[in-house]
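Engineer: Submitted below is the structure of interest, expressed as structure tokens.
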Amino acid sequence: MGSPLLLAAAGEVGGDFFRERSSGTLPCQANEAHLFCWDWARENLDRYGTPTVQHLEIVLISVLVGFAIAFALALIAHRTRWLQPPLLTATGVLYTIPSIAFFFLLLPVTGFGRDTAIIVLSAYTLQIIYRNTMLGLNNVPDSAKDAARGMGFTERQVLWKVELPLAVPEIIAGLRVATASTIAIATLVVLISAGGLGTEMYGSNFNFPTAIIIAAAIIGLMVLAFDLLFLTAQRLMTPWRKARPT
Amino acid sequence: MPSGETDAQSRSGASSVRYEEATKQYPGTAEPAVDRLTLEVPAGEICVLVGPSGCGKTTAMRMVNRTVEISSGDVLIGERSVRDREPAQLRREIGYVIQQVGLFPHRTITENIGAVPQLLGWKKDRIRERSAELLELIGLDPELGDRYPAQLSGGQQQRVGVARALAADPLVMLMDEPFGAIDPINRERLQNEFLRLQAEIRKTVLFVTHDIDEAIKLGDRVAVLREGGRVEQYATPAELLMAPATEFVEDFVGADRALKRLALMRVGDINLWEAPLAHVGQATAEVRAKLAAPDVEVPYPLLVDGERRPLGWLSERDLSADVVPSRPDSPLGPVLERDDVMRDALADLLQGQSQYAPVVDREGRIAGVLSVEIISEFLASPEAKSEEQPAAERPHG
Amino acid sequence: MPLASFSGAIEFIFSSQESNVTGGKEVGGFDKSLELLIGHIEVTVLALAIALIVALPLGLYLGHIGKGELFAVGIGNAGRAIPELAVIALVATLIGIGMRNVAPALAVLGIAPILVNTYVGVRQVDSAVVDAARGMGMSEMKIIRKVELPLAIPTVMGGIRGAAIVVVATATIAPLAGVETLGDFILNRNVYGENGLLAGAILVALLALTIEGLLALLQRRLTSDGLKLKTV
């Protein structure tokens with residue numbers, strides 16, 4: 001597997017995301033031994049704009065869709081006990097299949113592009129969100145549920161007013177993990193022509209550490225930002241957890 | 001707006017509870033958990049269901065609010081069957097207190113108390129008012145209303161549990177070993193507070209416990225149950241102690257039932273003996289004359305002051321003078337009050353190693369004399385069936 | 001671009017065919033499939049072994065002494081967010097291509113789940129049990145081996161399974177760094193054609209599921225019966 005074949009293949013798969021590197025006036029070149037080229041970084045930061053937006057879009061849609069499905073499944077499984085093991089297994093299987101394989105398995109069905117990416121990425125989030133939601137619901141103290149029912153809450157009221165609010169920390173924990181992994185895996189959607197920050201790590205940039213490092217850094221920042229977002233949301237939604245015995 | 005207490009009193013309503021051959025049979029079991037229970041709890045009374053573990057007392061209690069569904073027979077609140085309404089609707093009219101309390105960790109105390117009112121659609125202001133009212137009623141600082149359950153002690157949480165059950169002014173209260181998880185000291189306090197509360201609000205209460213002492217202390221009527229929810233005896237605590245219907249009840253009540261009875265009485269409840277009274281400066285001849293009287297009950301004279309307050313017992317030496325001295329020979333020993341619990345009075349007598357102890361009224365004036373003999377005579381006599389007081393009025397410290 | 005069919009892909013795996021892309025050259029077939037499969041397994045096993053050797057003892061130790069929670073959990077979180085493509089690309093460029101360089105890189109990805117799960121698994125062991133063991137006179141090492149590890153098996157195995165998933169997945173793009181794995185079929189469409197693409201995807205998926213299944217069985221074997229009664 002020589003370099004020419006590799007680049008040619010990359011060109012084919014990368015499609016129209018193959019980019020010409022900027023002119024050779026800069027000191028940093030591909031295949032030149034270096035780690036990070038600040039000049040290039042400064043000059044080319046703006047080309048990360050579109051991929052970042054694409055990346056964000058795909059991640060947000062995937063997580064939302066995944067959450068919607070997994071949450072619904074969890075609510076169903078919460079009522080119908082016997083569904084719990086099979087659902088756990090099913091979502092687990094989806095998680096086990098490596099994303100790349102998954103992307104390409106869907107090709108005959110949905111082809112290249114964003115849709116396939118979103119389907120696969122959502123499927124990936126199912127297991128962790130489903131599992132965490134179930135965990136959160138199962139950790140609600142029995143006495144609270146018993147009291148609620150005994151006081152006259154209907155089953156639905158018990159779910160929405162008692163169980164779910166108390167399950168929020170677990171659910172958000174699941175969302176955090178799901179979002180972090182989705183952000184990371186979404187770098188691969190470049191392989192099915194769906195854009196994203198992976199484009200800066202592939203194709204002509206494959207041998208160019210600076211570009212890769214910048215892209216990875218943006219990914220890292222994205223993960224941190226979402227993490228903080230979720231943490232803040234959790235703090236706001238669960239004021240009772242800060243309360244300490246006086 | 002009337003004060004909190006009278007408001008609770010005037011608004012409170014209570015219904016009787018009646019079991020009619022109520023049965024609970026769990027599928028796959030040979031014997032029913034509760035077998036044709038028939039029992040009536042008059043409105044405004046505390047009925048304690050007591051018995052060993054597994055006798056079905058909790059199951060029976062839960063049949064009232066249908067957290068356990070009735071297999072056959074019926075349970076009526078007032079004149080309505082509990083099957084008449086949807087369970088959720090029914091339960092909103094019944095106060096429900098469980099051992100682990102089950103406060104909602106994610107809601108403030110005020111919100112917890114207001115849980116059922118909120119379900120019933122009360123306005124926010126009214127809920128807040130009611131919560132504050134109840135907090136006061138159960139003896140908690142209204143400031144705690146904004147705290148979360150995790151910030152309260154176990155005893156405080158239990159009280160909130162009771163307040164929460166009272167919030168919507170239920171017709172009936174169900175309490176399942178509510179004080180079981182509390183340490184003995186706080187448990188006694190909570191029991192006393194509960195009785196004080198009941199004296200004010202007079203709810204119909206179905207109380208489940210495995211502790212016979214608690215049953216006797218709290219119950220207006222006590223039902224001793226054995227497996228299958230079978231009623232061995234359903235009677236007032238005094239009856240239970242004096243005349244246990246079966247060997248099971250006798251064993252369950254315990255060998256010290258005589259002492260247990262004494263805990264239910266006050267000193268002033270029985271007929272005390274009289275001692276001849278002597279005043280300072282009185283001629284001793286007069287005193288000796290009183291002593292010699294044929295119907296004298298206590299053979300020692302008691303020195304009292306102008307207000308008839310006891311000062312001490314007079315001895316032979318005292319009486320050898322012409323006039324009664326101001327300082328008696330023998331010290332007073334324990335002085336009992338009419339309001340004292342008889343059991344404590346007995347303990348004082350035994351401890352003080354005196355045969356007789358003066359009993360005074362609220363103003364400190366002599367009302368009679370108590371002795372161990374009087375107590376044992378009383379226990380043995382048939383008229384010991386004194387008027388039973390409701391639990392709320394019995395001595396509880 | 002003709003859409004591949006699944007039947008075509010299955011055929012591809014087993015018999016070599018004329019590729020319609022590189023003009024007549026024979027590609028695919030059982031031998032090639034097996035070769036790449038073995039390559040994939042090789043790098044996966046190697047990477048997991050390295051990850052286990054590094055992360056398992058560390059996780060056990062930290063969990064046992066109860067320190068380093070921030071570290072372990074932090075690594076766990078960070079590990080989840082590492083883009084696999086970046087790892088492969090950087091390794092290929094900065095370090096070098098070939099198994100010797102790629103396997104450690106994959107190992108790094110696998111360390112995160114193993115470390116955090118081992119740590120958490122050991123921490124979750126009932127301290128009363130550990131106390132009792134210590135009171136009986138067990139040495140610290142013995143406690144880890146005979147008490148904490150067995151009780152933490154479900155969580156630890158969960159971490160190992162997670163690591164396996166990540167490693168298998170990243171090994172799929174290892175061809176970009178000169179390691180021949182099943183990803184070859186996927187990444188070189190111009191060589192192997194549509195059928196090859198699909199074939200690669202199917203094989204990778206099957207491999208991943210098989211490994212997961214084996215690990216699940218292993219977990220079942222390693223979990224003591226007493227624990228099995230408690231699990232969900």
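Please note that chains go A, B, ... in the order of the structure tokens, that every chain numbers its residues from 1, and that ligands are numbered from 1 in the order shown.
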Where does chain A meet chain C within 6 Å, residue by residue, with the nearest atom pair and distance in Å to one decimal for each, counting only C-alpha atoms, listed by chain and rising number, as JSON lines?
Structural biologist:
{"residue": "A:Ala9", "atom": "CA", "partner": "C:Asn188", "partner_atom": "CA", "distance": 5.5}
{"residue": "A:Thr96", "atom": "CA", "partner": "C:Ile165", "partner_atom": "CA", "distance": 5.9}
{"residue": "A:Ile97", "atom": "CA", "partner": "C:Ala205", "partner_atom": "CA", "distance": 5.1}
{"residue": "A:Pro98", "atom": "CA", "partner": "C:Ala169", "partner_atom": "CA", "distance": 4.6}
{"residue": "A:Ala101", "atom": "CA", "partner": "C:Ala201", "partner_atom": "CA", "distance": 4.1}
{"residue": "A:Phe104", "atom": "CA", "partner": "C:Ala201", "partner_atom": "CA", "distance": 5.9}
{"residue": "A:Leu105", "atom": "CA", "partner": "C:Ala201", "partner_atom": "CA", "distance": 5.7}
{"residue": "A:Pro108", "atom": "CA", "partner": "C:Leu3", "partner_atom": "CA", "distance": 5.6}
{"residue": "A:Ala180", "atom": "CA", "partner": "C:Ala81", "partner_atom": "CA", "distance": 5.3}
{"residue": "A:Ser181", "atom": "CA", "partner": "C:Ala81", "partner_atom": "CA", "distance": 5.6}
{"residue": "A:Ala184", "atom": "CA", "partner": "C:Pro83", "partner_atom": "CA", "distance": 4.5}
{"residue": "A:Phe206", "atom": "CA", "partner": "C:Ala89", "partner_atom": "CA", "distance": 5.7}
{"residue": "A:Asn207", "atom": "CA", "partner": "C:Thr93", "partner_atom": "CA", "distance": 5.3}
Engineer: Using only C-alpha atoms, find which residues of chain A lie within 10 Å of chain B and jot them down as a PyMOL selection string.
Structural biologist: chain A and resi 140-155+157+161-163+165-166+237-246
Engineer: Have a look at B:Gly155, B:Gly114, B:Gly78, B:Gly368 and name the one nearest to Pro42 (chain B); count only C-alpha atoms.
Structural biologist: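 Looking at the shortest contact to Pro42 (chain B), the residue is B:Gly78.
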Engineer: DSSP says strand (DSSP E or B) for which residues of chain C? Put them as a list in words?
Structural biologist: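 The strand (DSSP E or B) residues within chain C come out as Ser16, Gln17, Glu18, Glu26, Val27 and Gly28 of chain C.
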Engineer: Applying 10 Å and only C-alpha atoms, which residues near Phe103 (chain A) remain after dropping the ones on its own chain fewer than 2 positions away? List them as number ranges by chain.
Structural biologist: A: 97-101, 105-107, 110-113, 116-121, 188-189, 191-192; C: 198, 201
Engineer: Please produce a file of those selected residues containing N, CA and C atoms, as a short mmCIF file (atom, residue, chain, number, x, y, z; two decimals), in the first residue's frame.
Structural biologist:
data_model
loop_
_atom_site.label_atom_id
_atom_site.label_comp_id
_atom_site.auth_asym_id
_atom_site.auth_seq_id
_atom_site.Cartn_x
_atom_site.Cartn_y
_atom_site.Cartn_z
N ILE A 97 -21.17 -2.12 16.73
CA ILE A 97 -20.73 -2.07 15.34
C ILE A 97 -19.93 -0.79 15.12
N PRO A 98 -18.69 -0.93 14.69
CA PRO A 98 -17.85 0.25 14.47
C PRO A 98 -18.52 1.20 13.50
N SER A 99 -18.42 2.47 13.81
CA SER A 99 -19.16 3.47 13.05
C SER A 99 -18.85 3.40 11.56
N ILE A 100 -17.60 3.21 11.25
CA ILE A 100 -17.26 3.16 9.82
C ILE A 100 -18.04 2.08 9.11
N ALA A 101 -17.98 0.91 9.72
CA ALA A 101 -18.69 -0.20 9.09
C ALA A 101 -20.16 0.15 8.94
N LEU A 105 -22.35 0.17 5.69
CA LEU A 105 -23.43 -0.81 5.57
C LEU A 105 -24.70 -0.16 5.08
N LEU A 106 -24.86 1.08 5.42
CA LEU A 106 -26.09 1.77 5.04
C LEU A 106 -26.04 2.32 3.62
N LEU A 107 -24.85 2.30 3.05
CA LEU A 107 -24.72 2.90 1.72
C LEU A 107 -25.74 2.44 0.70
N THR A 110 -29.12 4.24 2.02
CA THR A 110 -29.30 5.69 2.09
C THR A 110 -28.21 6.47 1.37
N GLY A 111 -27.25 5.78 0.90
CA GLY A 111 -26.24 6.46 0.10
C GLY A 111 -25.30 7.35 0.89
N PHE A 112 -24.52 8.12 0.17
CA PHE A 112 -23.58 9.03 0.82
C PHE A 112 -24.30 10.22 1.38
N GLY A 113 -23.63 10.95 2.25
CA GLY A 113 -24.20 12.22 2.66
C GLY A 113 -24.65 12.27 4.10
N THR A 116 -27.16 9.57 6.08
CA THR A 116 -26.52 8.35 6.60
C THR A 116 -25.76 8.67 7.87
N ALA A 117 -25.03 9.78 7.83
CA ALA A 117 -24.25 10.15 9.00
C ALA A 117 -25.14 10.29 10.23
N ILE A 118 -26.25 10.98 10.06
CA ILE A 118 -27.12 11.22 11.20
C ILE A 118 -27.73 9.92 11.71
N ILE A 119 -28.13 9.07 10.78
CA ILE A 119 -28.71 7.79 11.21
C ILE A 119 -27.72 7.02 12.07
N VAL A 120 -26.50 6.91 11.58
CA VAL A 120 -25.52 6.13 12.32
C VAL A 120 -25.17 6.78 13.65
N LEU A 121 -24.94 8.08 13.63
CA LEU A 121 -24.56 8.75 14.87
C LEU A 121 -25.67 8.68 15.91
N LEU A 188 -15.46 11.14 11.36
CA LEU A 188 -15.35 10.14 10.32
C LEU A 188 -16.34 10.34 9.17
N VAL A 189 -17.33 11.20 9.38
CA VAL A 189 -18.35 11.30 8.34
C VAL A 189 -17.80 11.88 7.05
N LEU A 191 -15.78 10.48 5.41
CA LEU A 191 -15.62 9.34 4.53
C LEU A 191 -16.88 9.04 3.72
N ILE A 192 -17.99 9.54 4.19
CA ILE A 192 -19.20 9.36 3.39
C ILE A 192 -19.71 10.70 2.87
N LEU C 198 -18.78 -2.91 0.66
CA LEU C 198 -19.80 -3.51 1.51
C LEU C 198 -19.26 -4.72 2.26
N ALA C 201 -17.37 -3.64 5.20
CA ALA C 201 -18.24 -3.19 6.28
C ALA C 201 -18.87 -4.37 7.01
#
Engineer: Could you list, as a PyMOL selection string, every residue within 8 Å of region 138-155 of chain C, counting only C-alpha atoms and ignoring same-chain residues fewer than 6 positions away?
Structural biologist: chain C and resi 60+64+117-118+120-122+124-125+129-130+219+222-224+227
Engineer: DSSP on the backbone: which residues in region 108-161 of chain B end up as helix (DSSP H, G or I)? Give the answer as a PyMOL selection string.
Structural biologist: chain B and resi 109-113+115-120+124-137+142-146+149-151+154-161
Engineer: Which polymer residues have any atom within 9 Å of an atom of region 186-192 of chain B, counting only C-alpha atoms, with same-chain residues fewer than 4 positions away left out, as a PyMOL selection string?
Structural biologist: chain B and resi 155+158-159+179-182+196-197+214+217-218+392+396-397
Engineer: Let's have the selection written as a PDB file, in the first residue's frame, with C-alpha atoms.
Structural biologist:
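Saved result, selection.pdb, follows:
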ATOM      1  CA  GLY B 155     -37.510  13.278  63.332  1.00  0.00           C
ATOM      2  CA  GLN B 158     -41.308  12.325  60.037  1.00  0.00           C
ATOM      3  CA  ARG B 159     -43.235  15.335  61.215  1.00  0.00           C
ATOM      4  CA  PHE B 179     -42.325   6.208  64.165  1.00  0.00           C
ATOM      5  CA  GLY B 180     -40.653   2.851  63.671  1.00  0.00           C
ATOM      6  CA  ALA B 181     -37.439   4.146  62.211  1.00  0.00           C
ATOM      7  CA  ILE B 182     -36.862   6.798  64.861  1.00  0.00           C
ATOM      8  CA  ARG B 196     -51.495  16.552  71.274  1.00  0.00           C
ATOM      9  CA  LEU B 197     -52.277  17.070  67.614  1.00  0.00           C
ATOM     10  CA  GLU B 214     -47.157   2.084  71.298  1.00  0.00           C
ATOM     11  CA  LYS B 217     -50.305   4.476  74.394  1.00  0.00           C
ATOM     12  CA  LEU B 218     -51.833   5.787  71.209  1.00  0.00           C
ATOM     13  CA  ALA B 392     -55.363  12.072  73.456  1.00  0.00           C
ATOM     14  CA  HIS B 396     -48.366  11.082  77.991  1.00  0.00           C
ATOM     15  CA  GLY B 397     -45.903  13.435  79.496  1.00  0.00           C
TER      16      GLY B 397
END
Engineer: Provide the CA of Val205 (chain B) to CA of Met63 (chain B) distance in Å, to one decimal place.
Structural biologist: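 Computing the Euclidean distance for CA of Val205 (chain B) and CA of Met63 (chain B) yields 14.0 Å.
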Engineer: Nearest to Ile61 (chain A): which of A:Ala173, A:Ala216, A:Ile76, A:Ala123 is it, counting only C-alpha atoms?
Structural biologist: A:Ala123
